[in-house]
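Report on the structure given below.
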Amino acid sequence: MCGIAAIFAYGDGAAPVDERELTALRTHMAPRGPDGEGQWISGRHHIGLAHRRLAIIDLSASGVQPMVLSDKDGNENDADALRITFNGEIYNYKELRRELEAKGETFTTNSDTEVLLRLYRRYGAGMVHHLRGMFAFALWDGKREGLLLARDPFGIKPLYYSLAHGACRAASQVKALIAGQNAASPPGAIDLSPNPAGIVGFYTWGYVPEPHTLYKGIKALPAGSTMWIDGKGPRLPEPFFDVAAELAQMPAEISKAERIETVAQELRRSIAHHMVADVPVGVFLSAGRDSATITALATEAAGGASDLHALTLGFEEYRGKPEDETLLATEIARQYDCRHHTHFVQRADFEADTSALLEAMDQPTIDGVNTYFVAKAAAQAGMKVALSGLGGDELFGGYPSFRQIPTLVGLLSPLRPISRLLGTPLRHLTAPVLSCLTSPKYASLFEYGGKISDAYLLRRGLFMPWELSSFLDPDLVREGQEALETRTHLAETAAGPGHSHGKIAALEMVFYMRNQLLRDADWAGMAHGVEIRTPLVDVELFRALAPLIAGRNPPDKRDMAASASPPLPDNILNRPKTGFCVPVHDWLLAASSEDPAHGERGLRGWARRIMTAQKGLSL
């Protein structure tokens with residue numbers, strides 16, 4: 001886990017790489033990589049790479065980046081050499097290394113970074129099809145005079161870029177690109193004017209949906225894609241993985257016993273791969289089935305040793321009460337012989353850290369508070385790598401949406417012809433009442449409830465599209481909605497998978513998990529120099545289970561929990577999902593209601609406060 005940056009002046013009239021700008025990019029990302037830094041600029045000053053290092057694999061100096069691979073006896077000044085700055089982990093790098101060695105490659109380091117360079121030399125951009133891991137990298141091909149940007153299938157690792165004035169700039173953080181601009185001479189190469197799609201997208205979802213950001217001149221490289229830039233200019237991002245397309249493959253119908261065995265086998269493989277590191281790997285442990293199962297399998301992968309560290313976040317408001325997750329987590333840790341750490345936080349901690357939290361989140365999001373504090377506690381406990389149960393609800397149908405949306409659609413889909421006529425009038429009538437009782441967005445129930453993709457927007461949306469013009473400029477809203485095409489993209493994502501379960505899984509993974517959960521895990525972990533690994537968000541695990549998820553009898557949380565040996569305690573197996581932690585919700589409610597200028601309470605008020613905190617963005 002690291003911070004990466006690149007500047008490539010590909011156009012004939014482009015300004016050369018400014019060393020001050022590249023250094024500022026790197027320096028801004030120091031929390032992402034506290035273990036070292038590196039930088040390289042070509043002799044012609046047309047390409048520069050920078051890196052901040054969090055050392056996890058190959059802790060020696062040979063693992064530093066940017067890393068170079070030269071055909072000329074390791075000559076680092078070779079203009080034709082391959083060079084890379086890489087963020088993430090390649091979990092199957094040892095297998096890939098053995099395959100490459102069998103084909104004649106000779107390695108000089110023990111790092112996964114060198115594996116990437118040698119894979120590229122053999123396969124070009126097609127190298128990404130060989131990778132099992134989380135990654136974002138910029139790879140310079142000196143012979144072809146081109147830059148390859150790449151991002152892992154699910155978008156676990158972020159990568160943002162800007163194309164302007166014949167130059168490409170890329171970095172792990174939007175705010176790093178802005179810091180680089182502030183240090184450049186002259187500044188202003190990136191268009192930092194407000195992006196209507198990013199702003200409208202944030203208020204629609206509570207996060208900024210890819211590929212948009214809050215700024216017109218900065219985009220996210222889409223998850224599961226590569227992008228090539230050379231003297232002819234940038235090519236369009238080229239996808240190599242698509243969640244919805246994978247779920248649209250032929251579903252598999254197998255027996256329950258076969259399903260449970262498949263889930264157990266693939267989970268064990270994923271956990272074992274995610275344990276690969278040259279530093280200790282811990283686990284974030286709650287009282288839920290996802291993290292409990294991961295803890296059990298991680299202990300098994302570690303050979304049953306009692307040196308696996310587990311960390312549980314508790315809340316002072318719940319200490320010693322039935323809602324206190326630390327009590328059940330302690331029971332789980334004891335059963336699987338872990339070294340258990342508990343850390344309690346309270347509202348005063350949230351208030352003290354609010355400014356730091358808002359600064360760390362890079363792009364605005366209404367979630368991530370829990371992750372920020374558990375990552376902070378992990379860093380204080382000396383934990384550098386931690387496994388998270390993120391992705392379990394998407395993979396095993398744990399969200400209420402998997403049950404509620406089909407029920408709602410079943411009731412309202414027969415009424416869709418009527419809803420086209422009466423939906424809007426009913427919304428106008430009911431919105432004022434609902435705004436006092438729950439949320440005015442539910443006035444759209446009749447309009448949006450009859451179709452899975454629309455019902456998903458109703459279920460997950462923060463503000464409905466028709467609400468935005470009440471507090472944002474109508475022209476900005478119109479322009480943003482035209483660029484987003486939210487309902488079209490939702491419908492396209494849900495179109496492939498045949499059954500409702502597969503459709504909802506695709507929607508949850510493509511929208512909520514990718515844009516909010518994974519992004520929150522990255523910024524919250526990196527704010528404290530902690531690498532958060534997600535073994536339930538794994539390309540090989542997903543491909544193995546996708547035909548089952550799309551089938552009539554998809555795997556569920558009990559199938560997942562059956563992988564644990566010894567079995568999980570009954571009080572864990574039967575515990576209902578708690579959802580968004582109540583204390584945190586109360587903190588956000590208080591934080592938003594303390595300033596009546598925001599005009600909203602709860603998550604909506606928190607969203608308004610977050611957007612207000614965006615420095616340099618005038619709306």
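Identifiers in the structure tokens: chain A, B, ... in order shown; residue index from 1 per chain; ligand index from 1 in order shown.
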
Exercise for review: Identify, on the basis of only C-alpha atoms, every residue whose closest approach to Ser563 in chain A does not exceed 10 Å; exclude the query and any residue fewer than 5 positions from it along the same chain; express the result as a VMD selection string.
Suggested key: chain A and resid 260 to 268 293 to 294 296 to 297 558 568

Using C-alpha atoms, can you export the residues from the last selection as a compact mmCIF listing (two decimals), in the first residue's frame?
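The resulting file, part22.txt, is reproduced below:
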```
# COMPACT_ATOMS: atom_id res chain seq x y z
CA ILE A 260 -21.13 -25.01 0.70
CA GLU A 261 -18.00 -26.93 -0.32
CA THR A 262 -17.29 -24.53 -3.20
CA VAL A 263 -17.68 -21.51 -0.93
CA ALA A 264 -15.40 -23.02 1.73
CA GLN A 265 -12.72 -24.01 -0.76
CA GLU A 266 -12.62 -20.64 -2.50
CA LEU A 267 -12.72 -18.69 0.77
CA ARG A 268 -9.75 -20.63 2.10
CA THR A 293 -15.40 -16.26 9.43
CA ILE A 294 -12.33 -14.41 8.19
CA ALA A 296 -11.39 -18.39 11.78
CA LEU A 297 -9.91 -18.97 8.32
CA ARG A 558 -24.68 -19.37 6.50
CA LEU A 568 -18.97 -20.15 14.76
```

Within 10 Å of range 333-343 of chain A: each range 276-319 of chain A residue with its shortest pair, only C-alpha atoms, as JSON lines:
```
{"residue": "A:Gly282", "atom": "CA", "partner": "A:Arg339", "partner_atom": "CA", "distance": 9.4}
{"residue": "A:Val283", "atom": "CA", "partner": "A:Cys338", "partner_atom": "CA", "distance": 9.6}
{"residue": "A:Phe284", "atom": "CA", "partner": "A:His341", "partner_atom": "CA", "distance": 9.8}
{"residue": "A:Leu285", "atom": "CA", "partner": "A:Ala333", "partner_atom": "CA", "distance": 8.2}
{"residue": "A:Ala292", "atom": "CA", "partner": "A:Ala333", "partner_atom": "CA", "distance": 8.4}
{"residue": "A:Thr295", "atom": "CA", "partner": "A:Tyr336", "partner_atom": "CA", "distance": 7.4}
{"residue": "A:Ala296", "atom": "CA", "partner": "A:Tyr336", "partner_atom": "CA", "distance": 6.0}
{"residue": "A:Leu297", "atom": "CA", "partner": "A:Tyr336", "partner_atom": "CA", "distance": 9.2}
{"residue": "A:Ala298", "atom": "CA", "partner": "A:Tyr336", "partner_atom": "CA", "distance": 9.4}
{"residue": "A:Thr299", "atom": "CA", "partner": "A:Tyr336", "partner_atom": "CA", "distance": 6.7}
{"residue": "A:Glu300", "atom": "CA", "partner": "A:Tyr336", "partner_atom": "CA", "distance": 8.8}
{"residue": "A:Gly304", "atom": "CA", "partner": "A:Asp337", "partner_atom": "CA", "distance": 7.9}
{"residue": "A:Ala305", "atom": "CA", "partner": "A:Asp337", "partner_atom": "CA", "distance": 7.6}
{"residue": "A:Ser306", "atom": "CA", "partner": "A:Asp337", "partner_atom": "CA", "distance": 5.2}
{"residue": "A:Asp307", "atom": "CA", "partner": "A:Arg339", "partner_atom": "CA", "distance": 6.3}
{"residue": "A:Leu308", "atom": "CA", "partner": "A:Cys338", "partner_atom": "CA", "distance": 5.2}
{"residue": "A:His309", "atom": "CA", "partner": "A:Arg339", "partner_atom": "CA", "distance": 4.7}
{"residue": "A:Ala310", "atom": "CA", "partner": "A:His340", "partner_atom": "CA", "distance": 4.8}
{"residue": "A:Leu311", "atom": "CA", "partner": "A:His341", "partner_atom": "CA", "distance": 4.7}
{"residue": "A:Thr312", "atom": "CA", "partner": "A:Thr342", "partner_atom": "CA", "distance": 4.8}
{"residue": "A:Leu313", "atom": "CA", "partner": "A:His343", "partner_atom": "CA", "distance": 5.1}
{"residue": "A:Gly314", "atom": "CA", "partner": "A:His343", "partner_atom": "CA", "distance": 5.9}
{"residue": "A:Phe315", "atom": "CA", "partner": "A:His343", "partner_atom": "CA", "distance": 8.3}
{"residue": "A:Glu316", "atom": "CA", "partner": "A:His343", "partner_atom": "CA", "distance": 9.6}
```

Keeping only N, CA and C atoms, write the selected residues to a file as a PDB file, in the first residue's frame.
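Done, and the output landed in selection_0.pdb:
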```pdb
ATOM      1  N   GLY A 282      -3.059  -8.729  10.624  1.00  0.00           N
ATOM      2  CA  GLY A 282      -4.106  -8.824  11.634  1.00  0.00           C
ATOM      3  C   GLY A 282      -5.480  -8.858  10.993  1.00  0.00           C
ATOM      4  N   VAL A 283      -6.510  -8.711  11.817  1.00  0.00           N
ATOM      5  CA  VAL A 283      -7.882  -8.750  11.312  1.00  0.00           C
ATOM      6  C   VAL A 283      -8.740  -7.778  12.104  1.00  0.00           C
ATOM      7  N   PHE A 284      -9.646  -7.086  11.394  1.00  0.00           N
ATOM      8  CA  PHE A 284     -10.654  -6.266  12.052  1.00  0.00           C
ATOM      9  C   PHE A 284     -11.817  -7.189  12.414  1.00  0.00           C
ATOM     10  N   LEU A 285     -12.096  -7.314  13.698  1.00  0.00           N
ATOM     11  CA  LEU A 285     -13.087  -8.273  14.175  1.00  0.00           C
ATOM     12  C   LEU A 285     -14.273  -7.563  14.820  1.00  0.00           C
ATOM     13  N   ALA A 292     -15.960 -12.693  11.582  1.00  0.00           N
ATOM     14  CA  ALA A 292     -15.731 -13.890  12.398  1.00  0.00           C
ATOM     15  C   ALA A 292     -15.241 -15.047  11.533  1.00  0.00           C
ATOM     16  N   THR A 295     -11.685 -14.370  10.530  1.00  0.00           N
ATOM     17  CA  THR A 295     -10.796 -14.637  11.665  1.00  0.00           C
ATOM     18  C   THR A 295     -10.516 -16.124  11.795  1.00  0.00           C
ATOM     19  N   ALA A 296     -11.561 -16.943  11.684  1.00  0.00           N
ATOM     20  CA  ALA A 296     -11.390 -18.394  11.783  1.00  0.00           C
ATOM     21  C   ALA A 296     -10.474 -18.918  10.684  1.00  0.00           C
ATOM     22  N   LEU A 297     -10.698 -18.469   9.449  1.00  0.00           N
ATOM     23  CA  LEU A 297      -9.907 -18.968   8.323  1.00  0.00           C
ATOM     24  C   LEU A 297      -8.494 -18.392   8.323  1.00  0.00           C
ATOM     25  N   ALA A 298      -8.334 -17.165   8.810  1.00  0.00           N
ATOM     26  CA  ALA A 298      -6.990 -16.588   8.908  1.00  0.00           C
ATOM     27  C   ALA A 298      -6.162 -17.337   9.942  1.00  0.00           C
ATOM     28  N   THR A 299      -6.783 -17.713  11.048  1.00  0.00           N
ATOM     29  CA  THR A 299      -6.090 -18.515  12.059  1.00  0.00           C
ATOM     30  C   THR A 299      -5.670 -19.853  11.467  1.00  0.00           C
ATOM     31  N   GLU A 300      -6.562 -20.454  10.703  1.00  0.00           N
ATOM     32  CA  GLU A 300      -6.258 -21.725  10.041  1.00  0.00           C
ATOM     33  C   GLU A 300      -5.110 -21.561   9.056  1.00  0.00           C
ATOM     34  N   GLY A 304      -2.859 -22.201  12.793  1.00  0.00           N
ATOM     35  CA  GLY A 304      -3.436 -22.320  14.129  1.00  0.00           C
ATOM     36  C   GLY A 304      -2.642 -21.615  15.204  1.00  0.00           C
ATOM     37  N   ALA A 305      -1.649 -20.832  14.796  1.00  0.00           N
ATOM     38  CA  ALA A 305      -0.816 -20.130  15.780  1.00  0.00           C
ATOM     39  C   ALA A 305      -1.625 -19.049  16.484  1.00  0.00           C
ATOM     40  N   SER A 306      -1.215 -18.723  17.688  1.00  0.00           N
ATOM     41  CA  SER A 306      -1.960 -17.746  18.482  1.00  0.00           C
ATOM     42  C   SER A 306      -1.386 -16.344  18.343  1.00  0.00           C
ATOM     43  N   ASP A 307      -0.638 -16.083  17.261  1.00  0.00           N
ATOM     44  CA  ASP A 307      -0.058 -14.752  17.106  1.00  0.00           C
ATOM     45  C   ASP A 307      -0.847 -13.882  16.123  1.00  0.00           C
ATOM     46  N   LEU A 308      -2.056 -14.331  15.738  1.00  0.00           N
ATOM     47  CA  LEU A 308      -2.909 -13.493  14.911  1.00  0.00           C
ATOM     48  C   LEU A 308      -3.556 -12.433  15.797  1.00  0.00           C
ATOM     49  N   HIS A 309      -3.345 -11.169  15.446  1.00  0.00           N
ATOM     50  CA  HIS A 309      -3.907 -10.071  16.223  1.00  0.00           C
ATOM     51  C   HIS A 309      -5.265  -9.670  15.645  1.00  0.00           C
ATOM     52  N   ALA A 310      -6.257  -9.546  16.515  1.00  0.00           N
ATOM     53  CA  ALA A 310      -7.598  -9.124  16.118  1.00  0.00           C
ATOM     54  C   ALA A 310      -7.954  -7.848  16.867  1.00  0.00           C
ATOM     55  N   LEU A 311      -8.537  -6.899  16.148  1.00  0.00           N
ATOM     56  CA  LEU A 311      -8.877  -5.601  16.734  1.00  0.00           C
ATOM     57  C   LEU A 311     -10.376  -5.350  16.610  1.00  0.00           C
ATOM     58  N   THR A 312     -10.996  -4.957  17.702  1.00  0.00           N
ATOM     59  CA  THR A 312     -12.424  -4.648  17.727  1.00  0.00           C
ATOM     60  C   THR A 312     -12.634  -3.217  18.192  1.00  0.00           C
ATOM     61  N   LEU A 313     -13.471  -2.495  17.457  1.00  0.00           N
ATOM     62  CA  LEU A 313     -13.818  -1.127  17.832  1.00  0.00           C
ATOM     63  C   LEU A 313     -15.118  -1.145  18.629  1.00  0.00           C
ATOM     64  N   GLY A 314     -15.084  -0.531  19.808  1.00  0.00           N
ATOM     65  CA  GLY A 314     -16.278  -0.429  20.638  1.00  0.00           C
ATOM     66  C   GLY A 314     -16.661   1.021  20.858  1.00  0.00           C
ATOM     67  N   PHE A 315     -17.847   1.222  21.394  1.00  0.00           N
ATOM     68  CA  PHE A 315     -18.353   2.568  21.642  1.00  0.00           C
ATOM     69  C   PHE A 315     -18.667   2.726  23.123  1.00  0.00           C
ATOM     70  N   GLU A 316     -18.200   3.814  23.690  1.00  0.00           N
ATOM     71  CA  GLU A 316     -18.408   4.047  25.122  1.00  0.00           C
ATOM     72  C   GLU A 316     -19.893   4.041  25.480  1.00  0.00           C
TER      73      GLU A 316
END
```

Point to revise | Pick from A:Phe471, A:Glu492, A:Glu323, A:Pro406 nearest to Pro576 in chain A, counting only C-alpha atoms | key: A:Glu323

For range 217-223 of chain A, list every protein, DNA or RNA residue within 10 Å, evaluated using only C-alpha atoms, and leave out those in the same chain fewer than 5 positions away; present the list as a short mmCIF file (atom, residue, chain, number, x, y, z; two decimals) with N, CA and C atoms, in the first residue's frame.
```cif
data_model
loop_
_atom_site.label_atom_id
_atom_site.label_comp_id
_atom_site.auth_asym_id
_atom_site.auth_seq_id
_atom_site.Cartn_x
_atom_site.Cartn_y
_atom_site.Cartn_z
N ALA A 136 -2.97 -0.33 -8.35
CA ALA A 136 -3.03 0.82 -9.25
C ALA A 136 -1.58 1.14 -9.56
N LEU A 149 -1.39 3.14 -17.50
CA LEU A 149 -2.07 3.25 -16.22
C LEU A 149 -2.99 2.04 -16.07
N ALA A 150 -3.08 1.48 -14.87
CA ALA A 150 -3.93 0.31 -14.66
C ALA A 150 -4.50 0.32 -13.26
N ARG A 151 -5.70 -0.27 -13.15
CA ARG A 151 -6.40 -0.32 -11.86
C ARG A 151 -7.10 -1.67 -11.71
N ASP A 152 -7.11 -2.21 -10.50
CA ASP A 152 -7.59 -3.57 -10.26
C ASP A 152 -9.07 -3.73 -10.59
N PRO A 153 -9.54 -4.99 -10.72
CA PRO A 153 -10.90 -5.25 -11.20
C PRO A 153 -12.02 -4.58 -10.43
N PHE A 154 -11.91 -4.50 -9.11
CA PHE A 154 -12.99 -3.94 -8.31
C PHE A 154 -12.75 -2.48 -7.93
N GLY A 155 -11.57 -1.95 -8.24
CA GLY A 155 -11.27 -0.58 -7.85
C GLY A 155 -10.92 -0.44 -6.39
N ILE A 156 -10.26 -1.46 -5.83
CA ILE A 156 -9.86 -1.39 -4.42
C ILE A 156 -8.86 -0.26 -4.22
N LYS A 157 -7.96 -0.11 -5.18
CA LYS A 157 -6.96 0.96 -5.12
C LYS A 157 -7.36 2.09 -6.07
N PRO A 158 -7.26 3.32 -5.61
CA PRO A 158 -7.68 4.46 -6.44
C PRO A 158 -6.57 4.92 -7.39
N LEU A 159 -6.98 5.53 -8.49
CA LEU A 159 -6.04 6.18 -9.40
C LEU A 159 -6.79 7.28 -10.15
N TYR A 160 -6.34 8.51 -9.96
CA TYR A 160 -6.96 9.66 -10.59
C TYR A 160 -5.99 10.26 -11.62
N TYR A 161 -6.55 10.86 -12.66
CA TYR A 161 -5.69 11.43 -13.69
C TYR A 161 -6.30 12.70 -14.27
N SER A 162 -5.42 13.49 -14.88
CA SER A 162 -5.83 14.71 -15.56
C SER A 162 -5.12 14.77 -16.91
N LEU A 163 -5.84 15.18 -17.93
CA LEU A 163 -5.27 15.35 -19.27
C LEU A 163 -5.49 16.80 -19.68
N ALA A 164 -4.39 17.55 -19.85
CA ALA A 164 -4.52 18.95 -20.20
C ALA A 164 -3.20 19.47 -20.77
N ARG A 169 -1.27 13.80 -15.90
CA ARG A 169 -0.88 13.73 -14.50
C ARG A 169 -1.73 12.67 -13.83
N ALA A 170 -1.12 11.84 -13.00
CA ALA A 170 -1.86 10.77 -12.31
C ALA A 170 -1.37 10.66 -10.88
N ALA A 171 -2.27 10.28 -9.98
CA ALA A 171 -1.90 10.14 -8.57
C ALA A 171 -2.95 9.31 -7.84
N SER A 172 -2.58 8.86 -6.65
CA SER A 172 -3.49 8.08 -5.81
C SER A 172 -4.58 8.93 -5.17
N GLN A 173 -4.39 10.24 -5.14
CA GLN A 173 -5.35 11.12 -4.48
C GLN A 173 -5.64 12.34 -5.34
N VAL A 174 -6.89 12.77 -5.33
CA VAL A 174 -7.28 14.00 -5.99
C VAL A 174 -6.55 15.18 -5.35
N LEU A 177 -3.05 15.76 -6.59
CA LEU A 177 -2.97 16.47 -7.87
C LEU A 177 -3.15 17.97 -7.67
N ILE A 178 -4.04 18.34 -6.76
CA ILE A 178 -4.25 19.76 -6.48
C ILE A 178 -3.01 20.35 -5.81
N ALA A 189 -2.56 24.18 -14.73
CA ALA A 189 -2.67 23.25 -15.85
C ALA A 189 -3.93 22.40 -15.76
N ILE A 190 -4.41 22.13 -14.54
CA ILE A 190 -5.60 21.31 -14.35
C ILE A 190 -6.81 22.21 -14.11
N ASP A 191 -7.90 21.93 -14.79
CA ASP A 191 -9.13 22.67 -14.60
C ASP A 191 -9.77 22.24 -13.27
N LEU A 192 -9.71 23.10 -12.28
CA LEU A 192 -10.25 22.79 -10.95
C LEU A 192 -11.60 23.44 -10.70
N SER A 193 -12.28 23.84 -11.77
CA SER A 193 -13.62 24.38 -11.60
C SER A 193 -14.58 23.27 -11.21
N PRO A 194 -15.66 23.60 -10.50
CA PRO A 194 -16.58 22.57 -10.01
C PRO A 194 -17.18 21.73 -11.14
N ASN A 195 -17.23 20.43 -10.91
CA ASN A 195 -17.80 19.49 -11.88
C ASN A 195 -19.24 19.18 -11.48
N GLY A 198 -19.94 15.54 -10.52
CA GLY A 198 -19.41 15.11 -9.23
C GLY A 198 -20.25 15.62 -8.08
N PRO A 209 -19.58 9.37 -7.69
CA PRO A 209 -19.49 8.16 -8.51
C PRO A 209 -18.42 8.28 -9.59
N GLU A 210 -17.71 7.17 -9.79
CA GLU A 210 -16.70 7.13 -10.85
C GLU A 210 -17.38 7.27 -12.22
N PRO A 211 -16.66 7.82 -13.21
CA PRO A 211 -15.28 8.30 -13.15
C PRO A 211 -15.16 9.76 -12.72
N HIS A 212 -16.23 10.30 -12.18
CA HIS A 212 -16.25 11.73 -11.87
C HIS A 212 -15.53 12.04 -10.56
N PRO A 237 -9.87 4.74 -21.82
CA PRO A 237 -9.68 3.61 -20.90
C PRO A 237 -10.26 2.33 -21.49
N GLU A 238 -9.51 1.25 -21.37
CA GLU A 238 -9.91 -0.04 -21.94
C GLU A 238 -10.25 -1.01 -20.81
N PRO A 239 -11.51 -1.42 -20.70
CA PRO A 239 -11.89 -2.32 -19.60
C PRO A 239 -11.36 -3.74 -19.82
N PHE A 240 -10.95 -4.39 -18.73
CA PHE A 240 -10.57 -5.79 -18.81
C PHE A 240 -11.38 -6.65 -17.84
N PHE A 241 -12.28 -6.02 -17.09
CA PHE A 241 -13.12 -6.77 -16.15
C PHE A 241 -14.41 -6.00 -15.93
N ASP A 242 -15.53 -6.72 -15.87
CA ASP A 242 -16.82 -6.09 -15.67
C ASP A 242 -17.67 -6.96 -14.75
N VAL A 243 -18.01 -6.43 -13.58
CA VAL A 243 -18.75 -7.19 -12.58
C VAL A 243 -20.08 -7.68 -13.13
N VAL A 510 -21.17 -2.59 -8.00
CA VAL A 510 -20.74 -1.56 -8.94
C VAL A 510 -20.94 -0.16 -8.37
N ARG A 514 -18.04 -0.27 -4.71
CA ARG A 514 -16.91 0.34 -5.43
C ARG A 514 -16.72 1.80 -5.07
N ASN A 515 -17.79 2.56 -5.09
CA ASN A 515 -17.67 4.01 -4.94
C ASN A 515 -17.60 4.49 -3.50
#
```

Review point. Residues at most 10 Å from Leu390 in chain A, counting only C-alpha atoms, excluding those fewer than 4 positions away in the same chain, as a PyMOL selection string?
Key: chain A and resi 290-291+394-395+513+517-518+521+532-537

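With distances restricted to only C-alpha atoms, A:Pro364 is the closest residue to Thr213 in chain A from A:Pro234, A:Pro186, A:Gly38, A:Pro364.
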
Practice item. Extract the full set of alpha helix (DSSP H) residues from range 48-228 of chain A according to DSSP on the backbone, and format it as number ranges by chain. Key: A: 93-102, 112-123, 174-183, 196-205

Please produce an output containing C-alpha atoms for each residue in the selection, written as a PDB file, in the first residue's frame.
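Output (selection29.pdb):
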```
ATOM      1  CA  TYR A  93       3.128 -12.894  -7.087  1.00  0.00           C
ATOM      2  CA  LYS A  94       4.997 -15.983  -5.882  1.00  0.00           C
ATOM      3  CA  GLU A  95       3.165 -18.240  -8.338  1.00  0.00           C
ATOM      4  CA  LEU A  96       3.713 -15.721 -11.135  1.00  0.00           C
ATOM      5  CA  ARG A  97       7.379 -15.465 -10.251  1.00  0.00           C
ATOM      6  CA  ARG A  98       7.795 -19.242 -10.509  1.00  0.00           C
ATOM      7  CA  GLU A  99       6.075 -19.230 -13.905  1.00  0.00           C
ATOM      8  CA  LEU A 100       8.317 -16.432 -15.162  1.00  0.00           C
ATOM      9  CA  GLU A 101      11.450 -18.117 -13.842  1.00  0.00           C
ATOM     10  CA  ALA A 102      10.452 -21.262 -15.728  1.00  0.00           C
ATOM     11  CA  ASP A 112       5.843  -8.202  -6.247  1.00  0.00           C
ATOM     12  CA  THR A 113       6.767  -4.963  -8.029  1.00  0.00           C
ATOM     13  CA  GLU A 114       9.480  -6.693 -10.044  1.00  0.00           C
ATOM     14  CA  VAL A 115       6.957  -9.368 -11.007  1.00  0.00           C
ATOM     15  CA  LEU A 116       4.812  -6.632 -12.567  1.00  0.00           C
ATOM     16  CA  LEU A 117       7.702  -5.307 -14.632  1.00  0.00           C
ATOM     17  CA  ARG A 118       8.665  -8.746 -15.932  1.00  0.00           C
ATOM     18  CA  LEU A 119       5.039  -9.646 -16.631  1.00  0.00           C
ATOM     19  CA  TYR A 120       4.680  -6.492 -18.706  1.00  0.00           C
ATOM     20  CA  ARG A 121       7.830  -7.294 -20.664  1.00  0.00           C
ATOM     21  CA  ARG A 122       6.254 -10.652 -21.587  1.00  0.00           C
ATOM     22  CA  TYR A 123       2.580  -9.771 -22.013  1.00  0.00           C
ATOM     23  CA  VAL A 174      -7.280  14.002  -5.988  1.00  0.00           C
ATOM     24  CA  LYS A 175      -5.865  16.317  -3.344  1.00  0.00           C
ATOM     25  CA  ALA A 176      -2.338  15.291  -4.306  1.00  0.00           C
ATOM     26  CA  LEU A 177      -2.974  16.471  -7.869  1.00  0.00           C
ATOM     27  CA  ILE A 178      -4.249  19.759  -6.476  1.00  0.00           C
ATOM     28  CA  ALA A 179      -1.183  20.088  -4.225  1.00  0.00           C
ATOM     29  CA  GLY A 180       1.007  19.534  -7.265  1.00  0.00           C
ATOM     30  CA  GLN A 181      -0.809  22.282  -9.127  1.00  0.00           C
ATOM     31  CA  ASN A 182      -0.298  24.700  -6.276  1.00  0.00           C
ATOM     32  CA  ALA A 183       3.447  24.047  -6.395  1.00  0.00           C
ATOM     33  CA  PRO A 196     -21.613  19.365 -11.877  1.00  0.00           C
ATOM     34  CA  ALA A 197     -21.602  15.577 -12.299  1.00  0.00           C
ATOM     35  CA  GLY A 198     -19.410  15.110  -9.232  1.00  0.00           C
ATOM     36  CA  ILE A 199     -21.477  17.460  -7.085  1.00  0.00           C
ATOM     37  CA  VAL A 200     -24.848  16.100  -8.188  1.00  0.00           C
ATOM     38  CA  GLY A 201     -23.517  12.561  -7.901  1.00  0.00           C
ATOM     39  CA  PHE A 202     -22.415  13.173  -4.321  1.00  0.00           C
ATOM     40  CA  TYR A 203     -25.793  14.484  -3.233  1.00  0.00           C
ATOM     41  CA  THR A 204     -27.556  11.677  -5.096  1.00  0.00           C
ATOM     42  CA  TRP A 205     -25.548   8.861  -3.499  1.00  0.00           C
TER      43      TRP A 205
END
```

Near-Ala379 in chain A list (10 Å; only C-alpha atoms; drop same-chain fewer than 5 positions) as a short mmCIF file (atom, residue, chain, number, x, y, z; two decimals) with N, CA and C atoms, in the first residue's frame:
```cif
data_model
loop_
_atom_site.label_atom_id
_atom_site.label_comp_id
_atom_site.auth_asym_id
_atom_site.auth_seq_id
_atom_site.Cartn_x
_atom_site.Cartn_y
_atom_site.Cartn_z
N PHE A 373 -11.74 5.29 12.47
CA PHE A 373 -11.35 5.09 13.87
C PHE A 373 -10.77 3.71 14.12
N VAL A 374 -11.23 2.69 13.42
CA VAL A 374 -10.63 1.37 13.62
C VAL A 374 -9.23 1.33 13.02
N LYS A 384 0.03 -3.08 10.96
CA LYS A 384 0.33 -2.47 9.66
C LYS A 384 -0.58 -2.98 8.55
N VAL A 385 -1.05 -4.22 8.69
CA VAL A 385 -1.93 -4.85 7.70
C VAL A 385 -3.09 -5.49 8.44
N GLY A 525 -7.79 3.92 5.87
CA GLY A 525 -6.61 3.15 6.24
C GLY A 525 -5.33 3.92 5.98
N ALA A 527 -4.84 7.07 5.82
CA ALA A 527 -4.66 8.23 6.70
C ALA A 527 -3.80 7.89 7.90
N HIS A 528 -3.75 6.59 8.24
CA HIS A 528 -3.00 6.14 9.41
C HIS A 528 -1.90 5.15 9.03
N GLY A 529 -1.60 5.02 7.73
CA GLY A 529 -0.54 4.11 7.31
C GLY A 529 -0.88 2.65 7.56
N VAL A 530 -2.17 2.29 7.43
CA VAL A 530 -2.61 0.91 7.63
C VAL A 530 -3.16 0.36 6.32
N GLU A 531 -2.68 -0.79 5.92
CA GLU A 531 -3.17 -1.45 4.71
C GLU A 531 -4.37 -2.33 5.06
#
```

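Of the residues in range 42-146 of chain A, those given strand (DSSP E) by DSSP on the backbone are Ile47, Gly48, Leu49, Ala50, His51, Arg52, Arg53, Met67, Val68, Leu69, Leu82, Arg83, Ile84, Thr85, Phe86, Asn87, Gly88, Glu89, Ile90, Gly133, Met134, Phe135, Ala136, Phe137, Ala138, Leu139, Trp140, Asp141 and Gly146 of chain A.
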
Review point. Using only C-alpha atoms, which residues sit within 9 Å of Leu507 in chain A once same-chain residues fewer than 3 positions away are excluded, as a list of chain:residue names?
Key: A:Ala244, A:Ser453, A:Tyr456, A:Leu490, A:Thr493, A:Ala494, A:Gly502, A:Lys503, A:Ile504, A:Val510, A:Phe511, A:Tyr512, A:Met513
